[in-house]
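Note sheet for the following structure.
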Amino acid sequence: MPKVTLLDKQWQELMTLCAEEARYKKDRTHPKLLALIVSRIESLAAEMGFDERRIATREFRAERAGGTSPGLSRTD
């Protein structure tokens with residue numbers, strides 16, 4: 001079983017937060033929670049090295065190589 005890396009954990013958190021953000025935007029519920037989620041997405045994505053454009057548009061992509069940790073597509 002492959003070892004779970006920090007990058008794996010960050011990626012999973014980012015994807016979970018993006019899904020939650022989409023749900024709360026659609027439902028138009030919990031505006032304060034949505035603001036916290038948005039803030040966390042922005043800080044986590046920046047910490048992971050994504051540029052401002054990708055953060056703003058939520059264009060996050062991962063590429064797996066041989067079952068290892070994802071390599072992130074951070075820029076075009």
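Chain labels follow the order of the structure tokens: the first chain is A, the next B, and so on; residue numbering restarts at 1 in every chain, and ligands are counted from 1 in their shown order.
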message: Env of Met15 (chain A): 9 Å cut, atoms = only C-alpha atoms, seq-sep filter 5 positions within chain, self excluded. Answer as JSON, numbers by chain.
response: {"A": [10, 20, 60]}
- prompt: Can you list every residue in chain A that DSSP puts in strand (DSSP E), as a PyMOL selection string?
  reply: chain A and resi 61-63+71-73
Hey, can you spit out that residue selection with N, CA, C and O atoms as a PDB file, in the first residue's frame?
ATOM      1  N   ARG A  61      -5.655  20.493 -11.148  1.00  0.00           N
ATOM      2  CA  ARG A  61      -5.508  19.192 -11.792  1.00  0.00           C
ATOM      3  C   ARG A  61      -4.336  18.456 -11.170  1.00  0.00           C
ATOM      4  O   ARG A  61      -3.323  19.050 -10.829  1.00  0.00           O
ATOM      5  N   ALA A  62      -4.490  17.163 -11.062  1.00  0.00           N
ATOM      6  CA  ALA A  62      -3.403  16.311 -10.566  1.00  0.00           C
ATOM      7  C   ALA A  62      -3.114  15.259 -11.616  1.00  0.00           C
ATOM      8  O   ALA A  62      -4.005  14.811 -12.323  1.00  0.00           O
ATOM      9  N   GLU A  63      -1.855  14.880 -11.682  1.00  0.00           N
ATOM     10  CA  GLU A  63      -1.444  13.841 -12.609  1.00  0.00           C
ATOM     11  C   GLU A  63      -0.706  12.778 -11.817  1.00  0.00           C
ATOM     12  O   GLU A  63       0.285  13.072 -11.167  1.00  0.00           O
ATOM     13  N   GLY A  71       1.273  14.674  -9.228  1.00  0.00           N
ATOM     14  CA  GLY A  71       2.056  15.818  -9.637  1.00  0.00           C
ATOM     15  C   GLY A  71       1.050  16.888  -9.998  1.00  0.00           C
ATOM     16  O   GLY A  71       0.104  16.614 -10.729  1.00  0.00           O
ATOM     17  N   LEU A  72       1.180  18.055  -9.484  1.00  0.00           N
ATOM     18  CA  LEU A  72       0.166  19.071  -9.695  1.00  0.00           C
ATOM     19  C   LEU A  72       0.479  19.910 -10.913  1.00  0.00           C
ATOM     20  O   LEU A  72       1.617  20.303 -11.141  1.00  0.00           O
ATOM     21  N   SER A  73      -0.569  20.192 -11.692  1.00  0.00           N
ATOM     22  CA  SER A  73      -0.453  21.117 -12.814  1.00  0.00           C
ATOM     23  C   SER A  73      -0.729  22.493 -12.227  1.00  0.00           C
ATOM     24  O   SER A  73      -1.879  22.869 -12.036  1.00  0.00           O
TER      25      SER A  73
END
statement: Of A:Ile41, A:Leu34, A:Ala46, A:Ile55, the one sitting nearest Cys18 (chain A) when using only C-alpha atoms is A:Ile41
task: Among the residues of chain A, find those DSSP assigns to alpha helix (DSSP H) from the backbone and print them as JSON, numbers by chain.
output: {"A": [6, 7, 8, 9, 10, 11, 12, 13, 14, 15, 16, 17, 18, 19, 20, 21, 22, 23, 24, 25, 26, 27, 31, 32, 33, 34, 35, 36, 37, 38, 39, 40, 41, 42, 43, 44, 45, 46, 47, 52, 53, 54, 55, 56, 57]}
